[in-house]
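Source file: structure_3.cif (mmCIF, C-alpha atoms)
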```cif
data_coords
loop_
_atom_site.label_atom_id
_atom_site.label_comp_id
_atom_site.auth_asym_id
_atom_site.auth_seq_id
_atom_site.Cartn_x
_atom_site.Cartn_y
_atom_site.Cartn_z
CA MET P 1 -38.57 9.85 -30.39
CA PRO P 2 -35.26 10.01 -32.28
CA SER P 3 -33.70 6.91 -33.78
CA VAL P 4 -30.56 5.39 -32.29
CA SER P 5 -28.96 5.72 -35.67
CA ALA P 6 -27.27 8.58 -33.78
CA VAL P 7 -25.06 5.88 -32.26
CA PRO P 8 -22.18 5.34 -34.68
CA PRO P 9 -22.33 1.71 -35.89
CA SER P 10 -18.54 1.60 -35.93
CA ALA P 11 -18.44 2.27 -32.19
CA PRO P 12 -21.72 0.99 -30.74
CA SER P 13 -20.29 0.46 -27.28
CA SER P 14 -18.65 3.88 -27.04
CA ARG P 15 -19.78 5.51 -23.84
CA ASP P 16 -19.89 8.97 -25.44
CA SER P 17 -22.07 7.78 -28.32
CA VAL P 18 -24.48 5.98 -25.99
CA VAL P 19 -24.72 9.05 -23.74
CA ALA P 20 -25.35 11.26 -26.77
CA ALA P 21 -28.17 9.06 -28.05
CA LEU P 22 -29.83 8.91 -24.62
CA ARG P 23 -29.48 12.63 -24.05
CA THR P 24 -30.97 13.39 -27.45
CA ALA P 25 -33.92 11.18 -26.54
CA GLY P 26 -34.51 13.28 -23.42
CA CYS P 27 -33.05 11.00 -20.75
CA VAL P 28 -32.22 13.33 -17.86
CA PHE P 29 -29.64 10.99 -16.32
CA ALA P 30 -28.07 9.93 -19.60
CA GLU P 31 -24.61 9.34 -18.13
CA ASP P 32 -25.88 7.06 -15.36
CA GLU P 33 -28.14 5.17 -17.76
CA ALA P 34 -25.30 4.68 -20.20
CA GLU P 35 -23.18 3.16 -17.44
CA MET P 36 -25.94 0.68 -16.59
CA ILE P 37 -26.46 -0.32 -20.21
CA LEU P 38 -22.75 -0.73 -20.90
CA ALA P 39 -22.27 -2.73 -17.70
CA THR P 40 -25.13 -5.08 -18.62
CA ALA P 41 -24.71 -5.59 -22.37
CA ARG P 42 -22.52 -8.56 -23.28
CA THR P 43 -21.83 -7.56 -26.90
CA PRO P 44 -21.77 -4.36 -28.98
CA ALA P 45 -24.92 -5.53 -30.77
CA GLU P 46 -26.70 -5.96 -27.44
CA THR P 47 -25.66 -2.43 -26.47
CA VAL P 48 -27.25 -1.04 -29.63
CA ALA P 49 -30.44 -3.05 -29.02
CA MET P 50 -30.69 -1.79 -25.44
CA VAL P 51 -30.20 1.81 -26.49
CA GLU P 52 -32.88 1.39 -29.16
CA ARG P 53 -35.36 0.09 -26.59
CA ARG P 54 -34.56 2.89 -24.15
CA VAL P 55 -34.86 5.59 -26.81
CA ALA P 56 -38.24 4.09 -27.79
CA GLY P 57 -39.46 4.75 -24.25
CA LEU P 58 -39.01 1.45 -22.42
CA PRO P 59 -38.10 2.00 -18.74
CA LEU P 60 -34.39 1.59 -18.12
CA GLU P 61 -34.92 -1.24 -15.65
CA LEU P 62 -36.79 -3.27 -18.25
CA VAL P 63 -34.12 -2.48 -20.83
CA VAL P 64 -31.33 -3.93 -18.68
CA GLY P 65 -33.53 -6.52 -16.94
CA TRP P 66 -32.80 -5.47 -13.36
CA ALA P 67 -33.24 -2.74 -10.78
CA GLU P 68 -31.01 -1.89 -7.85
CA PHE P 69 -32.79 -2.08 -4.51
CA ARG P 70 -30.92 -1.69 -1.21
CA GLY P 71 -27.73 -2.85 -2.88
CA LEU P 72 -29.34 -5.92 -4.46
CA ARG P 73 -29.73 -6.51 -8.18
CA ILE P 74 -33.42 -7.39 -8.51
CA ALA P 75 -34.49 -9.02 -11.77
CA VAL P 76 -37.49 -7.34 -13.40
CA ALA P 77 -39.59 -8.31 -16.42
CA PRO P 78 -42.18 -6.74 -18.72
CA GLY P 79 -45.56 -6.40 -17.05
CA VAL P 80 -44.11 -6.42 -13.52
CA PHE P 81 -44.03 -3.42 -11.18
CA VAL P 82 -40.50 -1.98 -11.01
CA PRO P 83 -39.31 -1.43 -7.41
CA ARG P 84 -38.85 2.24 -6.49
CA ARG P 85 -36.01 3.61 -4.45
CA ARG P 86 -38.50 5.25 -2.07
CA THR P 87 -39.73 1.78 -1.06
CA GLU P 88 -36.35 1.19 0.56
CA PHE P 89 -37.77 3.35 3.36
CA LEU P 90 -40.46 0.73 4.00
CA VAL P 91 -37.72 -1.88 4.43
CA GLU P 92 -35.83 0.40 6.81
CA GLN P 93 -38.96 0.95 8.92
CA ALA P 94 -39.63 -2.79 9.07
CA LEU P 95 -36.09 -3.52 10.26
CA ARG P 96 -36.35 -0.76 12.83
CA GLN P 97 -39.64 -2.12 14.18
CA ALA P 98 -38.82 -5.85 14.14
CA PRO P 99 -35.03 -6.44 13.91
CA GLY P 100 -35.46 -9.97 15.24
CA ALA P 101 -38.33 -11.12 13.01
CA ALA P 102 -38.19 -14.81 12.15
CA VAL P 103 -41.09 -14.95 9.67
CA VAL P 104 -41.43 -12.36 6.90
CA VAL P 105 -44.18 -11.98 4.30
CA ASP P 106 -43.98 -9.75 1.23
CA LEU P 107 -47.60 -9.24 0.18
CA CYS P 108 -48.39 -7.68 -3.22
CA CYS P 109 -44.77 -8.61 -3.84
CA GLY P 110 -44.33 -7.66 -7.51
CA SER P 111 -40.70 -8.53 -8.24
CA GLY P 112 -40.15 -9.67 -4.64
CA ALA P 113 -37.69 -6.85 -3.98
CA VAL P 114 -38.98 -5.98 -0.51
CA GLY P 115 -38.93 -9.58 0.70
CA ALA P 116 -35.48 -10.21 -0.75
CA ALA P 117 -34.10 -7.07 0.88
CA LEU P 118 -35.61 -7.95 4.26
CA ALA P 119 -34.24 -11.48 4.12
CA ALA P 120 -30.80 -10.21 3.10
CA ALA P 121 -30.75 -7.86 6.08
CA LEU P 122 -32.23 -10.21 8.67
CA GLY P 123 -30.28 -13.35 7.79
CA ARG P 124 -31.94 -16.67 8.51
CA VAL P 125 -35.68 -16.03 8.20
CA GLU P 126 -38.69 -17.88 6.85
CA LEU P 127 -39.68 -15.77 3.86
CA HIS P 128 -42.93 -15.92 1.89
CA ALA P 129 -44.01 -13.63 -0.95
CA ALA P 130 -47.35 -13.47 -2.72
CA ASP P 131 -49.00 -11.70 -5.62
CA ILE P 132 -52.18 -12.14 -7.64
CA ASP P 133 -50.41 -11.53 -10.97
CA PRO P 134 -48.83 -14.61 -12.63
CA ALA P 135 -46.14 -12.45 -14.29
CA ALA P 136 -45.13 -11.03 -10.92
CA VAL P 137 -45.05 -14.48 -9.35
CA ARG P 138 -42.76 -15.79 -12.09
CA CYS P 139 -40.43 -12.83 -11.68
CA ALA P 140 -40.42 -12.93 -7.88
CA ARG P 141 -39.57 -16.63 -7.76
CA GLY P 142 -36.05 -15.99 -9.05
CA ASN P 143 -35.42 -13.08 -6.70
CA VAL P 144 -36.91 -14.70 -3.62
CA ALA P 145 -35.38 -18.14 -4.24
CA ALA P 146 -31.96 -16.49 -4.07
CA VAL P 147 -32.58 -15.82 -0.36
CA GLY P 148 -34.36 -19.10 0.35
CA GLY P 149 -37.94 -17.87 0.16
CA GLN P 150 -41.17 -19.18 -1.34
CA VAL P 151 -43.61 -17.40 -3.65
CA HIS P 152 -47.37 -18.00 -3.78
CA GLN P 153 -50.02 -16.84 -6.23
CA GLY P 154 -53.40 -15.58 -5.11
CA ASP P 155 -55.44 -12.67 -3.80
CA LEU P 156 -53.75 -11.20 -0.71
CA PHE P 157 -53.98 -13.55 2.29
CA ASP P 158 -55.77 -16.23 0.27
CA ALA P 159 -52.38 -16.95 -1.30
CA LEU P 160 -50.62 -17.69 1.98
CA PRO P 161 -50.27 -21.09 3.68
CA GLY P 162 -52.67 -21.29 6.62
CA ALA P 163 -49.79 -22.32 8.87
CA LEU P 164 -48.56 -18.71 8.80
CA ARG P 165 -51.55 -17.42 10.77
CA GLY P 166 -50.37 -15.89 14.03
CA ARG P 167 -46.67 -16.29 13.13
CA ILE P 168 -45.71 -13.34 10.92
CA GLY P 169 -43.19 -10.96 12.43
CA ILE P 170 -43.02 -8.56 9.46
CA LEU P 171 -45.86 -8.25 6.98
CA ALA P 172 -44.72 -5.86 4.24
CA ALA P 173 -47.65 -4.99 2.00
CA ASN P 174 -46.67 -2.57 -0.76
CA VAL P 175 -50.28 -2.24 -1.88
CA PRO P 176 -51.43 -0.15 -4.86
CA TYR P 177 -52.41 3.29 -3.56
CA VAL P 178 -52.92 5.60 -6.53
CA PRO P 179 -56.55 6.84 -6.67
CA SER P 180 -58.27 5.60 -9.82
CA ASP P 181 -58.85 9.06 -11.27
CA GLU P 182 -55.15 9.96 -10.82
CA ILE P 183 -53.74 7.06 -12.85
CA GLY P 184 -53.65 9.29 -15.92
CA LEU P 185 -51.33 11.70 -14.07
CA LEU P 186 -48.62 9.08 -13.56
CA PRO P 187 -45.42 9.20 -15.65
CA GLN P 188 -45.85 7.60 -19.06
CA GLU P 189 -43.38 4.83 -18.23
CA ALA P 190 -45.63 3.65 -15.38
CA ARG P 191 -48.89 4.04 -17.33
CA ASP P 192 -47.62 2.20 -20.39
CA HIS P 193 -45.41 -0.50 -18.93
CA GLU P 194 -46.67 -1.45 -15.47
CA PRO P 195 -49.79 -3.46 -14.59
CA LEU P 196 -52.81 -1.37 -13.62
CA ALA P 197 -53.54 -3.70 -10.70
CA ALA P 198 -50.20 -2.74 -9.14
CA LEU P 199 -51.06 0.97 -9.30
CA ASP P 200 -54.82 1.48 -8.92
CA GLY P 201 -55.95 1.61 -5.28
CA GLY P 202 -59.59 2.48 -5.95
CA THR P 203 -61.54 5.70 -5.42
CA ASP P 204 -59.33 7.13 -2.66
CA GLY P 205 -56.38 4.81 -3.27
CA LEU P 206 -56.90 2.88 -0.03
CA ASP P 207 -59.19 0.00 -1.06
CA VAL P 208 -56.50 -2.69 -0.89
CA LEU P 209 -54.95 -1.18 2.22
CA ARG P 210 -58.29 -1.54 4.03
CA ARG P 211 -58.47 -5.22 3.08
CA VAL P 212 -54.95 -5.80 4.37
CA ALA P 213 -55.66 -3.96 7.62
CA ALA P 214 -58.81 -6.00 8.26
CA GLU P 215 -57.00 -9.34 7.99
CA ALA P 216 -53.49 -8.53 9.21
CA PRO P 217 -54.18 -8.90 12.97
CA HIS P 218 -55.14 -12.55 12.43
CA TRP P 219 -51.81 -13.30 10.74
CA LEU P 220 -49.35 -11.33 12.85
CA ALA P 221 -47.32 -12.90 15.63
CA PRO P 222 -47.64 -11.20 19.05
CA GLY P 223 -46.01 -7.80 18.57
CA GLY P 224 -45.66 -8.38 14.83
CA CYS P 225 -46.00 -5.48 12.41
CA VAL P 226 -47.62 -4.68 9.08
CA LEU P 227 -46.24 -1.89 6.91
CA VAL P 228 -47.70 -0.08 3.90
CA GLU P 229 -46.57 2.75 1.68
CA THR P 230 -48.96 5.68 1.14
CA SER P 231 -48.95 9.26 -0.09
CA ARG P 232 -48.63 12.22 2.26
CA HIS P 233 -52.35 13.04 2.29
CA GLN P 234 -53.37 9.37 2.66
CA ALA P 235 -51.17 8.66 5.68
CA PRO P 236 -53.52 10.04 8.38
CA VAL P 237 -56.42 8.01 6.97
CA ALA P 238 -54.24 4.90 6.81
CA VAL P 239 -53.36 5.36 10.48
CA GLU P 240 -57.06 5.48 11.34
CA VAL P 241 -57.75 2.35 9.28
CA PHE P 242 -55.03 0.43 11.11
CA GLU P 243 -56.23 1.61 14.51
CA ARG P 244 -59.81 0.55 13.77
CA SER P 245 -58.43 -2.94 13.13
CA GLY P 246 -56.87 -3.03 16.60
CA LEU P 247 -53.33 -2.16 15.57
CA THR P 248 -51.12 0.49 17.15
CA ALA P 249 -50.25 2.68 14.19
CA ARG P 250 -47.59 5.27 13.46
CA PRO P 251 -46.65 7.19 10.30
CA ALA P 252 -43.07 7.81 9.19
CA VAL P 253 -41.71 10.14 6.53
CA SER P 254 -38.48 10.30 4.54
CA GLU P 255 -38.22 13.74 2.98
CA GLU P 256 -35.13 12.63 1.06
CA LEU P 257 -36.95 9.76 -0.66
CA TYR P 258 -40.37 11.46 -0.59
CA ALA P 259 -41.64 8.29 1.06
CA HIS P 260 -44.51 7.81 3.52
CA VAL P 261 -44.92 4.58 5.44
CA VAL P 262 -47.53 3.58 8.00
CA THR P 263 -46.65 0.82 10.45
CA GLY P 264 -49.28 -1.08 12.42
CA VAL P 265 -48.19 -3.20 15.39
CA GLY P 266 -50.25 -6.04 16.78
CA PRO P 267 -50.87 -6.58 20.50
#
```

Structure rendered as structure tokens:
Amino acid sequence: MPSVSAVPPSAPSSRDSVVAALRTAGCVFAEDEAEMILATARTPAETVAMVERRVAGLPLELVVGWAEFRGLRIAVAPGVFVPRRRTEFLVEQALRQAPGAAVVVDLCCGSGAVGAALAAALGRVELHAADIDPAAVRCARGNVAAVGGQVHQGDLFDALPGALRGRIGILAANVPYVPSDEIGLLPQEARDHEPLAALDGGTDGLDVLRRVAAEAPHWLAPGGCVLVETSRHQAPVAVEVFERSGLTARPAVSEELYAHVVTGVGP
């Protein structure tokens, strides 16, 4: 990786010099990244520090400390899964299925982006988010508190208050779904800077999804829905897993976002 000494010290906040340094480092969207850095940095020195971190390979979202998700600025932190734009499709499918949901749960919440986006769209809802990772819980608390939600730490449903059983209108579970032997094929930014537990879904990538499907019917309100993100080849299996748990399942695809979501609806 090149050094950011390519950024002239006399003009550290110059857009052209920041773009040049990022482009030299191989950033494909150097212009867009420069805009984000310059809009976030409060001083010229902070601009230089951010460019240095980006050139060294840190994901842009961790450099600036936030990621955009459905128009929201979601705070992110080192060691926490960065929300992907494709996951906006999961939010869209949830709103389509349950536009009047009163209780929303963001399971495997990471930064809490999905829950925050659902609450922002639905208005007055009871929002709960949960994750097993302490770093994710700390990060999510700030994002979820902004929309009046609560965050819990624990393993899947064990983290949730028992009073939620039978009351959840939308259960968004962005579970890890990368097969274990494909982790090494992920982009370096994900492999080096995101927690393995947020990526590794076991042998076929569906281990956590199966656990969610087995328990979800006990937590959903009548007609409530559970939604998960999968890959293209996993989607048919995920549909079968949901149906074996007594849910009515349907897959949905966004070619634009290259996103695949399976929705299971309770009786």

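Take CA of Gly223 in chain P and CA of Ile132 in chain P: the distance between them is 27.3 Å.
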
Within 9 Å of range 40-61 of chain P, which residues of range 71-142 of chain P come that close, and what is the closest atom pair and distance in Å for each? Count all atoms listed in the file and give it as CSV.
```
residue,atom,partner,partner_atom,distance
P:Ala75,CA,P:Glu61,CA,8.7
P:Val76,CA,P:Glu61,CA,7.0
P:Ala77,CA,P:Glu61,CA,8.5
P:Val82,CA,P:Glu61,CA,7.3
```

What does the file look like for those residues with C-alpha atoms, as a short mmCIF file (atom, residue, chain, number, x, y, z; two decimals), in the coordinates of the input?
```
data_model
loop_
_atom_site.label_atom_id
_atom_site.label_comp_id
_atom_site.auth_asym_id
_atom_site.auth_seq_id
_atom_site.Cartn_x
_atom_site.Cartn_y
_atom_site.Cartn_z
CA ALA P 75 -34.49 -9.02 -11.77
CA VAL P 76 -37.49 -7.34 -13.40
CA ALA P 77 -39.59 -8.31 -16.42
CA VAL P 82 -40.50 -1.98 -11.01
#
```

Check what the PyMOL selection byres ((chain P and resi 135) around 10) selects in the file above and give those residues as a ChimeraX atom specification.
-> /P:77-81,110-111,131-134,136-140,153,195

For the file shown, what are the residues hit by the PyMOL selection byres ((chain P and resi 98) around 8), laid out as a count of residues only?
-> 11

When the PyMOL selection byres ((chain P and resi 22) around 9) is applied to the file above, which residues end up in the set, as a ChimeraX atom specification?
-> /P:4,17-21,23-31,33-34,51,54-55

Point (-31.1, -7.8, -8.1) neighbourhood (12 Å, only C-alpha atoms) written as a PyMOL selection string | chain P and resi 61+64-77+82-83+111-117+120+139-140+142-147

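Considering the residues P:Ser245, P:Ser14, P:Gln234, P:Thr87 and counting all atoms listed in the file, Asn174 in chain P has its shortest atom-to-atom contact with P:Thr87.
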
What lies within 8 Å of range 177-191 of chain P using only C-alpha atoms, ignoring chain neighbours under 6 positions off, as a PDB file with C-alpha atoms, keeping the file's coordinate frame?
```pdb
ATOM      1  CA  GLY P  57     -39.460   4.750 -24.250  1.00  0.00           C
ATOM      2  CA  LEU P  58     -39.010   1.450 -22.420  1.00  0.00           C
ATOM      3  CA  PRO P  59     -38.100   2.000 -18.740  1.00  0.00           C
ATOM      4  CA  LEU P 199     -51.060   0.970  -9.300  1.00  0.00           C
ATOM      5  CA  ASP P 200     -54.820   1.480  -8.920  1.00  0.00           C
ATOM      6  CA  GLY P 201     -55.950   1.610  -5.280  1.00  0.00           C
ATOM      7  CA  GLY P 202     -59.590   2.480  -5.950  1.00  0.00           C
ATOM      8  CA  THR P 203     -61.540   5.700  -5.420  1.00  0.00           C
ATOM      9  CA  ASP P 204     -59.330   7.130  -2.660  1.00  0.00           C
ATOM     10  CA  GLY P 205     -56.380   4.810  -3.270  1.00  0.00           C
ATOM     11  CA  LEU P 206     -56.900   2.880  -0.030  1.00  0.00           C
ATOM     12  CA  ASP P 207     -59.190   0.000  -1.060  1.00  0.00           C
ATOM     13  CA  VAL P 208     -56.500  -2.690  -0.890  1.00  0.00           C
ATOM     14  CA  LEU P 209     -54.950  -1.180   2.220  1.00  0.00           C
ATOM     15  CA  GLU P 229     -46.570   2.750   1.680  1.00  0.00           C
ATOM     16  CA  THR P 230     -48.960   5.680   1.140  1.00  0.00           C
ATOM     17  CA  SER P 231     -48.950   9.260  -0.090  1.00  0.00           C
TER      18      SER P 231
END
```

Residues near Ala259 in chain P, cut-off 7 Å, only C-alpha atoms, skip fewer than 4 positions along chain, as a PyMOL selection string | chain P and resi 86+89+253-255

Min atom-atom distance to Val91 in chain P from the set P:Gln150, P:Ala172, P:Asp32, P:Ile37, counting all atoms listed in the file, belongs to P:Ala172

What is the CA of Leu164 in chain P-CA of Ala249 in chain P distance in Å, reported with one decimal?
-> 22.1 Å

Near-Val239 in chain P list (7 Å; all atoms listed in the file; drop same-chain fewer than 6 positions) as a count of residues only | 4

Go ahead and compute the interatomic distance for CA of Val265 in chain P and CA of Pro222 in chain P, in Å to one decimal.
-> 8.8 Å
